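What follows is input-v2.csv (CSV, C-alpha atoms).
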chain,number,residue,atom,x,y,z
V,136,MET,CA,0.0,0.0,0.0
V,137,ASN,CA,1.2,3.5,-0.9
V,138,ASN,CA,0.6,5.7,2.3
V,139,ASN,CA,0.6,8.8,0.1
V,140,VAL,CA,-2.9,7.9,-1.0
V,141,PHE,CA,-4.3,9.3,2.2
V,142,LYS,CA,-3.0,12.8,1.3
V,143,LYS,CA,-5.5,12.7,-1.6
V,144,LEU,CA,-8.5,12.8,0.7
V,145,SER,CA,-10.0,16.3,1.1
V,146,TYR,CA,-10.8,17.9,4.4
V,147,GLY,CA,-11.4,21.3,6.0
V,148,VAL,CA,-9.7,22.7,9.1
V,149,TYR,CA,-11.8,23.0,12.3
V,150,ILE,CA,-11.5,23.9,16.0
V,151,VAL,CA,-13.7,21.7,18.2
V,152,ALA,CA,-14.3,23.4,21.6
V,153,CYS,CA,-16.1,22.5,24.9
V,154,GLU,CA,-16.7,24.1,28.3
V,155,TYR,CA,-15.7,21.7,31.1
V,156,ASN,CA,-15.1,22.4,34.8
V,157,GLY,CA,-15.7,26.1,34.2
V,158,LYS,CA,-12.9,26.3,31.5
V,159,TYR,CA,-13.0,26.5,27.7
V,160,THR,CA,-10.8,24.1,25.8
V,161,GLY,CA,-10.6,22.6,22.4
V,162,CYS,CA,-8.4,21.0,19.6
V,163,THR,CA,-7.8,21.2,15.9
V,164,VAL,CA,-9.4,18.5,13.8
V,165,ASN,CA,-9.8,17.9,10.1
V,166,SER,CA,-12.0,14.8,10.1
V,167,ILE,CA,-15.5,16.1,10.2
V,168,MET,CA,-18.3,15.3,7.7
V,169,GLN,CA,-22.1,15.7,7.4
V,170,ILE,CA,-24.0,12.4,7.7
V,171,THR,CA,-27.7,13.4,7.3
V,172,SER,CA,-29.4,16.7,6.4
V,173,ASP,CA,-32.7,16.5,8.3
V,174,PRO,CA,-32.0,16.5,11.2
V,175,ALA,CA,-28.5,17.6,10.5
V,176,ILE,CA,-26.1,15.0,11.9
V,177,ILE,CA,-22.3,15.2,11.6
V,178,ALA,CA,-19.5,12.8,12.4
V,179,LEU,CA,-16.1,13.7,13.7
V,180,SER,CA,-13.0,11.8,14.8
V,181,VAL,CA,-11.1,12.7,18.0
V,182,ASN,CA,-7.9,11.1,19.3
V,183,HIS,CA,-8.2,9.3,22.7
V,184,GLU,CA,-5.2,11.3,24.0
V,185,ASN,CA,-6.7,14.7,23.4
V,186,TYR,CA,-8.1,16.4,26.5
V,187,THR,CA,-11.1,17.5,24.3
V,188,HIS,CA,-11.9,13.8,24.1
V,189,VAL,CA,-12.5,13.7,27.9
V,190,CYS,CA,-14.5,17.0,27.6
V,191,ILE,CA,-16.8,15.8,24.9
V,192,GLU,CA,-17.5,12.5,26.8
V,193,GLU,CA,-18.3,14.5,30.0
V,194,THR,CA,-20.3,17.4,28.6
V,195,LYS,CA,-21.8,15.9,25.4
V,196,LYS,CA,-21.9,19.3,23.8
V,197,PHE,CA,-19.3,21.2,21.7
V,198,SER,CA,-18.8,23.9,19.1
V,199,ILE,CA,-17.1,23.5,15.7
V,200,SER,CA,-15.4,26.7,14.3
V,201,ILE,CA,-14.9,26.4,10.6
V,202,LEU,CA,-11.6,28.2,9.8
V,203,SER,CA,-11.2,30.3,6.6
V,204,GLU,CA,-8.2,30.9,4.4
V,205,GLN,CA,-7.8,34.2,6.3
V,206,SER,CA,-8.1,32.7,9.8
V,207,ASN,CA,-4.9,33.3,11.9
V,208,PRO,CA,-2.9,30.0,11.6
V,209,LEU,CA,-1.8,30.6,15.2
V,210,ALA,CA,-5.1,29.0,16.3
V,211,ILE,CA,-4.3,25.8,14.3
V,212,GLY,CA,-1.0,25.5,16.1
V,213,THR,CA,-2.2,26.4,19.5
V,214,PHE,CA,-5.2,24.0,19.3
V,215,GLY,CA,-3.3,21.3,17.5
V,216,PHE,CA,0.1,21.1,19.3
V,217,ARG,CA,-0.6,22.1,22.9
V,218,SER,CA,-2.8,20.3,25.5
V,219,GLY,CA,-5.7,21.9,27.3
V,220,ARG,CA,-4.6,20.0,30.4
V,221,ASP,CA,-1.6,22.3,30.7
V,222,CYS,CA,-2.7,25.7,29.4
V,223,ASN,CA,-5.8,27.7,28.6
V,224,LYS,CA,-5.7,27.8,24.8
V,225,PHE,CA,-8.5,30.4,24.7
V,226,ASP,CA,-6.3,32.9,26.6
V,227,ILE,CA,-4.4,33.7,23.5
V,228,ILE,CA,-6.9,33.1,20.7
V,229,PRO,CA,-9.8,35.7,20.3
V,230,TYR,CA,-13.3,34.1,20.5
V,231,ASP,CA,-17.0,34.9,20.9
V,232,ILE,CA,-19.6,32.9,22.8
V,233,LYS,CA,-22.4,31.2,20.9
V,234,ASN,CA,-24.9,29.0,22.8
V,235,SER,CA,-22.5,29.1,25.9
V,236,LEU,CA,-19.6,27.8,23.8
V,237,PRO,CA,-16.5,29.5,22.5
V,238,VAL,CA,-16.2,30.1,18.7
V,239,ILE,CA,-13.0,31.3,17.1
V,240,LYS,CA,-13.5,35.0,16.2
V,241,ASP,CA,-12.1,34.9,12.7
V,242,ALA,CA,-13.8,31.6,11.7
V,243,CYS,CA,-16.0,31.8,8.6
V,244,ALA,CA,-18.8,29.7,10.2
V,245,TYR,CA,-19.7,27.6,13.3
V,246,LEU,CA,-21.8,24.7,14.4
V,247,ILE,CA,-23.2,23.9,17.9
V,248,CYS,CA,-23.4,20.1,18.4
V,249,GLU,CA,-25.0,17.6,20.8
V,250,LEU,CA,-23.5,14.2,21.1
V,251,LYS,CA,-25.8,11.3,19.9
V,252,GLY,CA,-23.5,8.3,19.5
V,253,LYS,CA,-20.0,7.0,18.9
V,254,ILE,CA,-17.8,4.2,17.5
V,255,ASP,CA,-14.5,3.5,19.1
V,256,THR,CA,-11.2,2.4,17.4
V,257,HIS,CA,-7.9,1.7,19.1
V,258,SER,CA,-6.7,5.3,18.8
V,259,HIS,CA,-9.7,7.5,17.8
V,260,THR,CA,-13.4,7.9,18.6
V,261,VAL,CA,-15.9,8.7,15.9
V,262,TYR,CA,-18.6,10.9,17.4
V,263,ILE,CA,-22.0,11.3,15.9
V,264,ALA,CA,-23.6,14.5,16.9
V,265,GLU,CA,-26.7,16.5,16.0
V,266,VAL,CA,-26.2,20.1,14.9
V,267,ILE,CA,-28.6,22.2,17.0
V,268,ASP,CA,-27.5,25.6,15.8
V,269,GLY,CA,-25.0,27.3,13.5
V,270,ASP,CA,-24.3,30.3,11.3
V,271,VAL,CA,-22.1,31.7,8.6
V,272,LEU,CA,-19.9,34.5,9.9
V,273,ASN,CA,-18.3,35.8,6.7
V,274,ASP,CA,-17.9,34.9,3.0
V,275,ILE,CA,-14.2,34.1,3.1
V,276,LYS,CA,-13.4,30.7,1.5
V,277,PRO,CA,-13.2,27.9,4.1
V,278,MET,CA,-9.6,26.7,4.7
V,279,THR,CA,-9.0,23.2,3.2
V,280,TYR,CA,-6.4,20.8,4.8
V,281,GLU,CA,-4.6,21.0,1.4
V,282,TYR,CA,-4.4,24.8,1.7
V,283,TYR,CA,-3.1,24.5,5.2
V,284,HIS,CA,-0.3,22.1,4.1
V,285,ASN,CA,0.6,23.6,0.8
V,286,VAL,CA,0.0,27.4,1.2
V,287,ILE,CA,0.5,27.9,5.0
V,288,LYS,CA,3.0,25.0,5.1
V,289,GLY,CA,1.5,23.7,8.3
V,290,LYS,CA,2.1,20.2,9.8
V,291,SER,CA,-0.1,17.6,11.4
V,292,PRO,CA,0.2,16.7,15.1
V,293,LYS,CA,0.9,13.1,16.0
V,294,THR,CA,-2.7,12.7,17.3
V,295,ALA,CA,-4.3,13.5,13.8
V,296,PRO,CA,-5.9,10.6,11.9
V,297,THR,CA,-4.0,11.8,8.9
V,298,TYR,CA,-0.6,11.9,10.6
V,299,ILE,CA,2.2,10.3,8.5
V,300,LYS,CA,5.7,9.7,9.9
V,301,GLU,CA,8.3,11.5,7.8
E,97,MET,CA,-30.0,27.7,12.3
E,98,ASN,CA,-28.6,28.9,9.0
E,99,ASN,CA,-28.5,25.8,6.7
E,100,ASN,CA,-25.9,27.5,4.5
E,101,VAL,CA,-23.4,26.7,7.3
E,102,PHE,CA,-23.1,23.1,5.9
E,103,LYS,CA,-21.8,24.4,2.6
E,104,LYS,CA,-18.7,25.5,4.6
E,105,LEU,CA,-17.6,22.0,5.4
E,106,SER,CA,-14.9,20.7,3.0
E,107,TYR,CA,-15.0,17.4,1.2
E,108,GLY,CA,-13.6,15.5,-1.8
E,109,VAL,CA,-15.5,13.7,-4.6
E,110,TYR,CA,-15.3,9.9,-4.6
E,111,ILE,CA,-16.9,6.9,-6.4
E,112,VAL,CA,-17.5,3.9,-4.1
E,113,ALA,CA,-17.7,0.6,-6.0
E,114,CYS,CA,-18.5,-3.0,-5.3
E,115,GLU,CA,-18.8,-6.3,-7.1
E,116,TYR,CA,-22.1,-8.0,-6.3
E,117,ASN,CA,-23.9,-10.9,-8.0
E,118,GLY,CA,-21.3,-10.9,-10.8
E,119,LYS,CA,-21.9,-7.2,-11.6
E,120,TYR,CA,-19.9,-4.0,-10.8
E,121,THR,CA,-21.9,-1.1,-9.3
E,122,GLY,CA,-21.2,2.1,-7.3
E,123,CYS,CA,-22.2,5.6,-6.3
E,124,THR,CA,-20.8,9.1,-5.9
E,125,VAL,CA,-20.1,10.1,-2.3
E,126,ASN,CA,-18.4,13.1,-0.7
E,127,SER,CA,-18.5,12.1,3.0
E,128,ILE,CA,-15.3,10.1,3.5
E,129,MET,CA,-12.7,10.7,6.1
E,130,GLN,CA,-9.7,9.0,7.7
E,131,ILE,CA,-10.1,7.9,11.3
E,132,THR,CA,-6.8,6.3,12.3
E,133,SER,CA,-3.5,6.0,10.5
E,134,ASP,CA,-2.1,2.6,11.7
E,135,PRO,CA,-4.0,0.5,10.7
E,136,ALA,CA,-5.6,2.9,8.3
E,137,ILE,CA,-9.3,3.1,9.0
E,138,ILE,CA,-11.7,5.3,7.1
E,139,ALA,CA,-15.4,6.3,7.7
E,140,LEU,CA,-17.9,6.9,4.9
E,141,SER,CA,-21.6,7.8,4.8
E,142,VAL,CA,-24.0,6.0,2.4
E,143,ASN,CA,-27.7,6.6,2.0
E,144,HIS,CA,-30.0,3.7,2.8
E,145,GLU,CA,-31.7,4.1,-0.6
E,146,ASN,CA,-28.5,3.6,-2.7
E,147,TYR,CA,-28.1,0.2,-4.3
E,148,THR,CA,-24.4,0.4,-3.2
E,149,HIS,CA,-25.7,0.3,0.4
E,150,VAL,CA,-27.1,-3.2,-0.2
E,151,CYS,CA,-23.9,-4.2,-2.0
E,152,ILE,CA,-21.6,-3.0,0.8
E,153,GLU,CA,-23.7,-4.8,3.4
E,154,GLU,CA,-23.6,-8.0,1.4
E,155,THR,CA,-20.0,-8.1,0.2
E,156,LYS,CA,-18.2,-6.1,3.0
E,157,LYS,CA,-15.6,-5.0,0.4
E,158,PHE,CA,-15.4,-1.9,-1.8
E,159,SER,CA,-13.1,0.4,-3.7
E,160,ILE,CA,-13.0,4.2,-3.4
E,161,SER,CA,-11.8,6.1,-6.5
E,162,ILE,CA,-10.6,9.6,-5.6
E,163,LEU,CA,-11.5,11.9,-8.5
E,164,SER,CA,-9.2,14.6,-9.6
E,165,GLU,CA,-9.9,18.1,-11.0
E,166,GLN,CA,-9.4,16.5,-14.5
E,167,SER,CA,-11.6,13.5,-14.0
E,168,ASN,CA,-14.6,13.4,-16.4
E,169,PRO,CA,-17.6,14.8,-14.6
E,170,LEU,CA,-19.8,12.3,-16.5
E,171,ALA,CA,-18.7,9.7,-13.8
E,172,ILE,CA,-20.1,12.0,-11.0
E,173,GLY,CA,-23.5,12.3,-12.7
E,174,THR,CA,-23.7,8.7,-13.8
E,175,PHE,CA,-22.8,7.4,-10.3
E,176,GLY,CA,-24.7,10.1,-8.5
E,177,PHE,CA,-28.0,10.4,-10.3
E,178,ARG,CA,-28.7,6.9,-11.7
E,179,SER,CA,-29.3,3.7,-9.8
E,180,GLY,CA,-27.3,0.5,-10.2
E,181,ARG,CA,-30.6,-1.4,-9.8
E,182,ASP,CA,-31.6,-0.2,-13.3
E,183,CYS,CA,-28.4,0.1,-15.3
E,184,ASN,CA,-24.8,-1.0,-15.4
E,185,LYS,CA,-23.0,2.3,-14.6
E,186,PHE,CA,-19.6,0.8,-15.5
E,187,ASP,CA,-20.8,0.1,-19.1
E,188,ILE,CA,-20.2,3.8,-19.9
E,189,ILE,CA,-17.4,4.8,-17.5
E,190,PRO,CA,-13.8,3.6,-18.2
E,191,TYR,CA,-12.3,1.6,-15.3
E,192,ASP,CA,-9.5,-0.7,-14.3
E,193,ILE,CA,-9.6,-3.6,-11.9
E,194,LYS,CA,-7.6,-3.4,-8.7
E,195,ASN,CA,-7.9,-6.2,-6.1
E,196,SER,CA,-10.9,-7.6,-8.0
E,197,LEU,CA,-12.8,-4.2,-7.8
E,198,PRO,CA,-13.4,-1.5,-10.4
E,199,VAL,CA,-11.5,1.8,-10.1
E,200,ILE,CA,-12.3,4.8,-12.3
E,201,LYS,CA,-9.6,5.1,-14.9
E,202,ASP,CA,-9.1,8.8,-14.6
E,203,ALA,CA,-9.1,8.9,-10.8
E,204,CYS,CA,-6.0,10.3,-9.1
E,205,ALA,CA,-5.8,7.6,-6.4
E,206,TYR,CA,-7.8,4.7,-5.0
E,207,LEU,CA,-8.4,2.8,-1.8
E,208,ILE,CA,-9.5,-0.9,-1.3
E,209,CYS,CA,-11.5,-1.2,1.9
E,210,GLU,CA,-12.9,-4.0,4.1
E,211,LEU,CA,-16.0,-3.3,6.2
E,212,LYS,CA,-15.3,-3.4,10.0
E,213,GLY,CA,-18.3,-1.7,11.6
E,214,LYS,CA,-21.1,0.8,11.2
E,215,ILE,CA,-23.5,3.3,12.9
E,216,ASP,CA,-27.0,3.7,11.5
E,217,THR,CA,-29.0,6.9,11.3
E,218,HIS,CA,-32.6,7.2,9.9
E,219,SER,CA,-31.3,7.9,6.4
E,220,HIS,CA,-27.6,7.1,6.1
E,221,THR,CA,-25.2,4.5,7.4
E,222,VAL,CA,-21.7,5.4,8.6
E,223,TYR,CA,-19.4,2.6,7.6
E,224,ILE,CA,-16.0,2.1,9.3
E,225,ALA,CA,-13.6,0.2,7.1
E,226,GLU,CA,-10.0,-0.8,7.0
E,227,VAL,CA,-7.9,0.2,4.0
E,228,ILE,CA,-6.1,-2.9,2.9
E,229,ASP,CA,-4.6,-1.5,-0.3
E,230,GLY,CA,-4.4,1.7,-2.3
E,231,ASP,CA,-2.2,3.7,-4.6
E,232,VAL,CA,-1.7,7.1,-6.2
E,233,LEU,CA,-2.4,7.0,-9.9
E,234,ASN,CA,-1.3,10.5,-11.0
E,235,ASP,CA,-0.3,13.9,-9.6
E,236,ILE,CA,-3.4,15.9,-10.6
E,237,LYS,CA,-5.1,17.8,-7.7
E,238,PRO,CA,-7.9,15.9,-6.0
E,239,MET,CA,-11.3,17.3,-6.9
E,240,THR,CA,-13.0,19.1,-3.9
E,241,TYR,CA,-16.7,19.3,-3.5
E,242,GLU,CA,-16.3,23.0,-3.6
E,243,TYR,CA,-14.6,22.7,-7.0
E,244,TYR,CA,-17.4,20.4,-8.3
E,245,HIS,CA,-20.0,23.0,-7.2
E,246,ASN,CA,-18.3,26.2,-8.2
E,247,VAL,CA,-16.1,25.3,-11.1
E,248,ILE,CA,-17.9,22.4,-12.7
E,249,LYS,CA,-21.3,23.8,-11.5
E,250,GLY,CA,-22.4,20.3,-10.4
E,251,LYS,CA,-25.4,19.6,-8.2
E,252,SER,CA,-26.0,17.2,-5.3
E,253,PRO,CA,-28.4,14.2,-5.6
E,254,LYS,CA,-31.2,14.0,-3.1
E,255,THR,CA,-29.5,11.0,-1.4
E,256,ALA,CA,-26.4,13.1,-0.5
E,257,PRO,CA,-25.9,13.9,3.2
E,258,THR,CA,-25.1,17.5,2.0
E,259,TYR,CA,-28.3,17.9,-0.1
E,260,ILE,CA,-30.1,21.2,0.5
E,261,LYS,CA,-33.5,21.9,-1.0
E,262,GLU,CA,-33.4,25.0,-3.2

Could you write out this file's structure as structure tokens?
Amino acid sequence: MNNNVFKKLSYGVYIVACEYNGKYTGCTVNSIMQITSDPAIIALSVNHENYTHVCIEETKKFSISILSEQSNPLAIGTFGFRSGRDCNKFDIIPYDIKNSLPVIKDACAYLICELKGKIDTHSHTVYIAEVIDGDVLNDIKPMTYEYYHNVIKGKSPKTAPTYIKE
Amino acid sequence: MNNNVFKKLSYGVYIVACEYNGKYTGCTVNSIMQITSDPAIIALSVNHENYTHVCIEETKKFSISILSEQSNPLAIGTFGFRSGRDCNKFDIIPYDIKNSLPVIKDACAYLICELKGKIDTHSHTVYIAEVIDGDVLNDIKPMTYEYYHNVIKGKSPKTAPTYIKE
């Protein structure tokens, strides 16, 4: 098998965020997809090691900020390469509150989601969630994972489903 | 909720194909994502009404052709808007055989997958599958769903998770 084949799958770049124990936290993800349209159900994959995994399991509610090509890449690094166990990521990234959850200020859209089910694998959990609210924030093009890699020259953290050892 | 928010999620464009009862069949999908990297596990969403849904359930094996920006859009229409119950879609779309399964000839890459699990919703099933083989076929950029809509001016069939009534 040629592992480069996985680089040919297309994704966006998102920040998933929760409020847990009176603190906001979150992580960068790319594996999010819509499953049904009415009601709107999405699936997302989160690594077991991410603190956000604990927070989703406990609170069963989270926001998804959809980053645009003009979103500050600092958010991707902060939410992708640091742990919410050790720092408050939202201290350094501007955000608004929507339905009691943080949403990245320069995102182009956001979703508010309620956990409905899951499938576990050895390293990641696939969460199934209903989208209970959401809005478009601006008309800037959503950032694709390909844009993040090839234009912004960003890297994947080891906990990403798409991580490839180099 | 603003339903336009779902247009901000990023996807690729793929043809999922099976061999069932001595015949090849398949459908167009956009909701595919990688879940884990080692072993490589992917998730995909297929509408209950698609004939490919029956074929995946029965055979537990399928190919995914990853379309490129130069793939003939005829494949997307043929596999997205016609049913394999009524016609042989592969009669009019050129393909090669990889691991006994059809792969679209002008795709940029392909995956061969074995079914490992699923979650059902009222309209779509999320399949979890292990990628047992796959290769890159050329260096042309993968087609994104956004490219399909905005450059090729393609539409979504009613069975797509991303379908929005207009």

Q: For chain E, list the residues within 6 Å of chain V, counting only C-alpha atoms, and write the list as a PyMOL selection string.
A: chain E and resi 97-98+101+106-108+127+129-133+141+229-232+238+257

Q. When you draw a straight line from atom CA of V:Thr160 to atom CA of V:Glu193, how long is it in Å?
A.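 Between atom CA of V:Thr160 and atom CA of V:Glu193 the gap works out to 12.9 Å.
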
Can you move chain V onto chain E by a least-squares fit over all C-alpha atoms paired in order, then give me the moved copy as a compact mmCIF listing (two decimals) with C-alpha atoms, keeping the file's coordinate frame?
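result.txt written:
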# COMPACT_ATOMS: atom_id res chain seq x y z
CA MET V 136 -30.01 27.73 12.32
CA ASN V 137 -28.58 28.95 9.01
CA ASN V 138 -28.51 25.81 6.65
CA ASN V 139 -25.83 27.52 4.56
CA VAL V 140 -23.32 26.64 7.25
CA PHE V 141 -23.10 23.12 5.94
CA LYS V 142 -21.74 24.40 2.58
CA LYS V 143 -18.66 25.53 4.55
CA LEU V 144 -17.58 21.99 5.32
CA SER V 145 -14.86 20.68 2.97
CA TYR V 146 -15.01 17.38 1.18
CA GLY V 147 -13.54 15.54 -1.80
CA VAL V 148 -15.46 13.74 -4.55
CA TYR V 149 -15.33 9.91 -4.60
CA ILE V 150 -16.82 6.89 -6.40
CA VAL V 151 -17.47 3.97 -4.04
CA ALA V 152 -17.75 0.69 -6.03
CA CYS V 153 -18.52 -3.02 -5.22
CA GLU V 154 -18.85 -6.29 -7.13
CA TYR V 155 -22.15 -8.01 -6.25
CA ASN V 156 -23.95 -10.86 -8.03
CA GLY V 157 -21.29 -10.86 -10.74
CA LYS V 158 -21.88 -7.10 -11.57
CA TYR V 159 -19.91 -3.95 -10.76
CA THR V 160 -21.83 -1.05 -9.30
CA GLY V 161 -21.16 2.01 -7.29
CA CYS V 162 -22.24 5.63 -6.29
CA THR V 163 -20.81 9.07 -5.84
CA VAL V 164 -20.12 10.13 -2.28
CA ASN V 165 -18.40 13.09 -0.68
CA SER V 166 -18.49 12.08 2.98
CA ILE V 167 -15.39 10.07 3.51
CA MET V 168 -12.65 10.75 6.12
CA GLN V 169 -9.62 8.97 7.65
CA ILE V 170 -10.17 7.88 11.27
CA THR V 171 -6.84 6.21 12.26
CA SER V 172 -3.47 5.90 10.49
CA ASP V 173 -2.15 2.56 11.75
CA PRO V 174 -4.01 0.47 10.71
CA ALA V 175 -5.57 2.86 8.30
CA ILE V 176 -9.30 3.08 9.03
CA ILE V 177 -11.73 5.33 7.14
CA ALA V 178 -15.35 6.26 7.65
CA LEU V 179 -17.89 6.91 4.97
CA SER V 180 -21.60 7.72 4.85
CA VAL V 181 -23.97 5.97 2.40
CA ASN V 182 -27.69 6.64 1.93
CA HIS V 183 -30.03 3.70 2.77
CA GLU V 184 -31.70 4.08 -0.66
CA ASN V 185 -28.56 3.63 -2.69
CA TYR V 186 -28.14 0.17 -4.22
CA THR V 187 -24.41 0.39 -3.20
CA HIS V 188 -25.70 0.32 0.36
CA VAL V 189 -27.13 -3.21 -0.20
CA CYS V 190 -23.83 -4.18 -1.98
CA ILE V 191 -21.57 -3.05 0.78
CA GLU V 192 -23.72 -4.86 3.44
CA GLU V 193 -23.61 -8.10 1.34
CA THR V 194 -20.00 -8.11 0.17
CA LYS V 195 -18.23 -6.12 2.93
CA LYS V 196 -15.60 -4.99 0.49
CA PHE V 197 -15.44 -1.93 -1.83
CA SER V 198 -13.14 0.40 -3.72
CA ILE V 199 -12.94 4.20 -3.35
CA SER V 200 -11.78 6.12 -6.52
CA ILE V 201 -10.55 9.53 -5.60
CA LEU V 202 -11.54 11.87 -8.48
CA SER V 203 -9.20 14.68 -9.67
CA GLU V 204 -9.96 18.10 -11.05
CA GLN V 205 -9.39 16.54 -14.50
CA SER V 206 -11.63 13.49 -13.95
CA ASN V 207 -14.56 13.38 -16.48
CA PRO V 208 -17.57 14.86 -14.55
CA LEU V 209 -19.73 12.36 -16.46
CA ALA V 210 -18.77 9.76 -13.82
CA ILE V 211 -20.08 12.04 -11.00
CA GLY V 212 -23.42 12.28 -12.74
CA THR V 213 -23.70 8.72 -13.77
CA PHE V 214 -22.76 7.42 -10.27
CA GLY V 215 -24.68 10.09 -8.44
CA PHE V 216 -28.03 10.37 -10.31
CA ARG V 217 -28.71 6.90 -11.71
CA SER V 218 -29.34 3.63 -9.78
CA GLY V 219 -27.30 0.49 -10.21
CA ARG V 220 -30.55 -1.46 -9.88
CA ASP V 221 -31.59 -0.24 -13.32
CA CYS V 222 -28.40 0.11 -15.36
CA ASN V 223 -24.78 -0.96 -15.39
CA LYS V 224 -23.00 2.31 -14.60
CA PHE V 225 -19.60 0.78 -15.45
CA ASP V 226 -20.73 0.21 -19.07
CA ILE V 227 -20.18 3.80 -19.89
CA ILE V 228 -17.41 4.88 -17.52
CA PRO V 229 -13.80 3.55 -18.25
CA TYR V 230 -12.28 1.61 -15.30
CA ASP V 231 -9.43 -0.73 -14.32
CA ILE V 232 -9.56 -3.62 -11.87
CA LYS V 233 -7.58 -3.40 -8.64
CA ASN V 234 -7.88 -6.22 -6.06
CA SER V 235 -10.99 -7.58 -8.04
CA LEU V 236 -12.73 -4.20 -7.79
CA PRO V 237 -13.40 -1.55 -10.38
CA VAL V 238 -11.50 1.80 -10.10
CA ILE V 239 -12.36 4.79 -12.23
CA LYS V 240 -9.63 5.10 -14.91
CA ASP V 241 -9.02 8.81 -14.63
CA ALA V 242 -9.09 8.92 -10.79
CA CYS V 243 -5.97 10.37 -9.16
CA ALA V 244 -5.86 7.64 -6.45
CA TYR V 245 -7.80 4.64 -5.01
CA LEU V 246 -8.38 2.75 -1.83
CA ILE V 247 -9.47 -0.92 -1.35
CA CYS V 248 -11.57 -1.25 1.84
CA GLU V 249 -12.90 -4.01 4.13
CA LEU V 250 -15.90 -3.30 6.23
CA LYS V 251 -15.25 -3.35 10.06
CA GLY V 252 -18.27 -1.64 11.62
CA LYS V 253 -21.14 0.78 11.21
CA ILE V 254 -23.51 3.28 12.89
CA ASP V 255 -26.96 3.70 11.53
CA THR V 256 -29.07 6.94 11.32
CA HIS V 257 -32.57 7.29 9.94
CA SER V 258 -31.37 8.00 6.40
CA HIS V 259 -27.61 7.14 6.20
CA THR V 260 -25.17 4.49 7.41
CA VAL V 261 -21.71 5.41 8.57
CA TYR V 262 -19.35 2.60 7.62
CA ILE V 263 -16.04 2.05 9.25
CA ALA V 264 -13.69 0.19 7.05
CA GLU V 265 -10.02 -0.79 7.04
CA VAL V 266 -7.95 0.23 4.02
CA ILE V 267 -6.13 -2.93 2.86
CA ASP V 268 -4.54 -1.50 -0.24
CA GLY V 269 -4.32 1.68 -2.30
CA ASP V 270 -2.19 3.77 -4.64
CA VAL V 271 -1.72 7.15 -6.20
CA LEU V 272 -2.41 7.07 -9.93
CA ASN V 273 -1.33 10.56 -11.00
CA ASP V 274 -0.35 13.95 -9.52
CA ILE V 275 -3.42 15.87 -10.62
CA LYS V 276 -5.03 17.82 -7.72
CA PRO V 277 -7.88 15.86 -6.08
CA MET V 278 -11.34 17.32 -6.91
CA THR V 279 -12.91 19.08 -3.86
CA TYR V 280 -16.76 19.23 -3.45
CA GLU V 281 -16.32 23.05 -3.63
CA TYR V 282 -14.59 22.71 -7.02
CA TYR V 283 -17.32 20.45 -8.24
CA HIS V 284 -20.05 22.98 -7.26
CA ASN V 285 -18.33 26.18 -8.14
CA VAL V 286 -16.08 25.33 -11.18
CA ILE V 287 -17.97 22.35 -12.77
CA LYS V 288 -21.31 23.74 -11.51
CA GLY V 289 -22.45 20.30 -10.49
CA LYS V 290 -25.43 19.52 -8.17
CA SER V 291 -26.02 17.14 -5.32
CA PRO V 292 -28.45 14.21 -5.61
CA LYS V 293 -31.27 14.00 -3.11
CA THR V 294 -29.56 11.01 -1.39
CA ALA V 295 -26.36 13.09 -0.46
CA PRO V 296 -25.87 13.99 3.22
CA THR V 297 -25.15 17.48 2.04
CA TYR V 298 -28.30 17.84 -0.06
CA ILE V 299 -30.13 21.18 0.48
CA LYS V 300 -33.58 21.87 -1.00
CA GLU V 301 -33.46 24.94 -3.24

Q: Check the smallest atom-to-atom distance from each of V:Ile287, V:Tyr186, V:Asn273, V:Lys158 to V:Arg217 using only C-alpha atoms, then report the winner.
A: V:Tyr186

Q | Separation of atom CA of V:Phe225 from atom CA of V:Val164 in Å | A |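 Value for the atom CA of V:Val164-atom CA of V:Phe225 distance: 16.2 Å.
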
Q: Tell me which of E:Glu226, E:Glu210, E:Asp192, E:Glu115 sits closest to E:Lys157, counting all atoms listed in the file.
A: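 Of E:Glu226, E:Glu210, E:Asp192, E:Glu115, the one nearest E:Lys157, counting all atoms listed in the file, is E:Glu210.
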
Counting all atoms listed in the file, find residues at most 9 Å from (-14.0, 19.1, -14.0) (file frame) and give them as a short mmCIF file (atom, residue, chain, number, x, y, z; two decimals) with C-alpha atoms, in the frame of the given file.
data_model
loop_
_atom_site.label_atom_id
_atom_site.label_comp_id
_atom_site.auth_asym_id
_atom_site.auth_seq_id
_atom_site.Cartn_x
_atom_site.Cartn_y
_atom_site.Cartn_z
CA SER E 164 -9.20 14.60 -9.60
CA GLU E 165 -9.90 18.10 -11.00
CA GLN E 166 -9.40 16.50 -14.50
CA SER E 167 -11.60 13.50 -14.00
CA ASN E 168 -14.60 13.40 -16.40
CA PRO E 169 -17.60 14.80 -14.60
CA MET E 239 -11.30 17.30 -6.90
CA TYR E 243 -14.60 22.70 -7.00
CA TYR E 244 -17.40 20.40 -8.30
CA VAL E 247 -16.10 25.30 -11.10
CA ILE E 248 -17.90 22.40 -12.70
#

Q. Any idea what's packed within 9 Å of E:Ala171, counting only C-alpha atoms, ignoring anything in its chain fewer than 4 positions away? Could you give it as a ChimeraX atom specification?
A. /E:111,124,167,175-176,185,188-190,200

Put those residues in a file: C-alpha atoms, as a tab-separated table (two decimals), keeping the file's coordinate frame.
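New file selection_37.tsv:
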chain	number	residue	atom	x	y	z
E	111	ILE	CA	-16.90	6.90	-6.40
E	124	THR	CA	-20.80	9.10	-5.90
E	167	SER	CA	-11.60	13.50	-14.00
E	175	PHE	CA	-22.80	7.40	-10.30
E	176	GLY	CA	-24.70	10.10	-8.50
E	185	LYS	CA	-23.00	2.30	-14.60
E	188	ILE	CA	-20.20	3.80	-19.90
E	189	ILE	CA	-17.40	4.80	-17.50
E	190	PRO	CA	-13.80	3.60	-18.20
E	200	ILE	CA	-12.30	4.80	-12.30
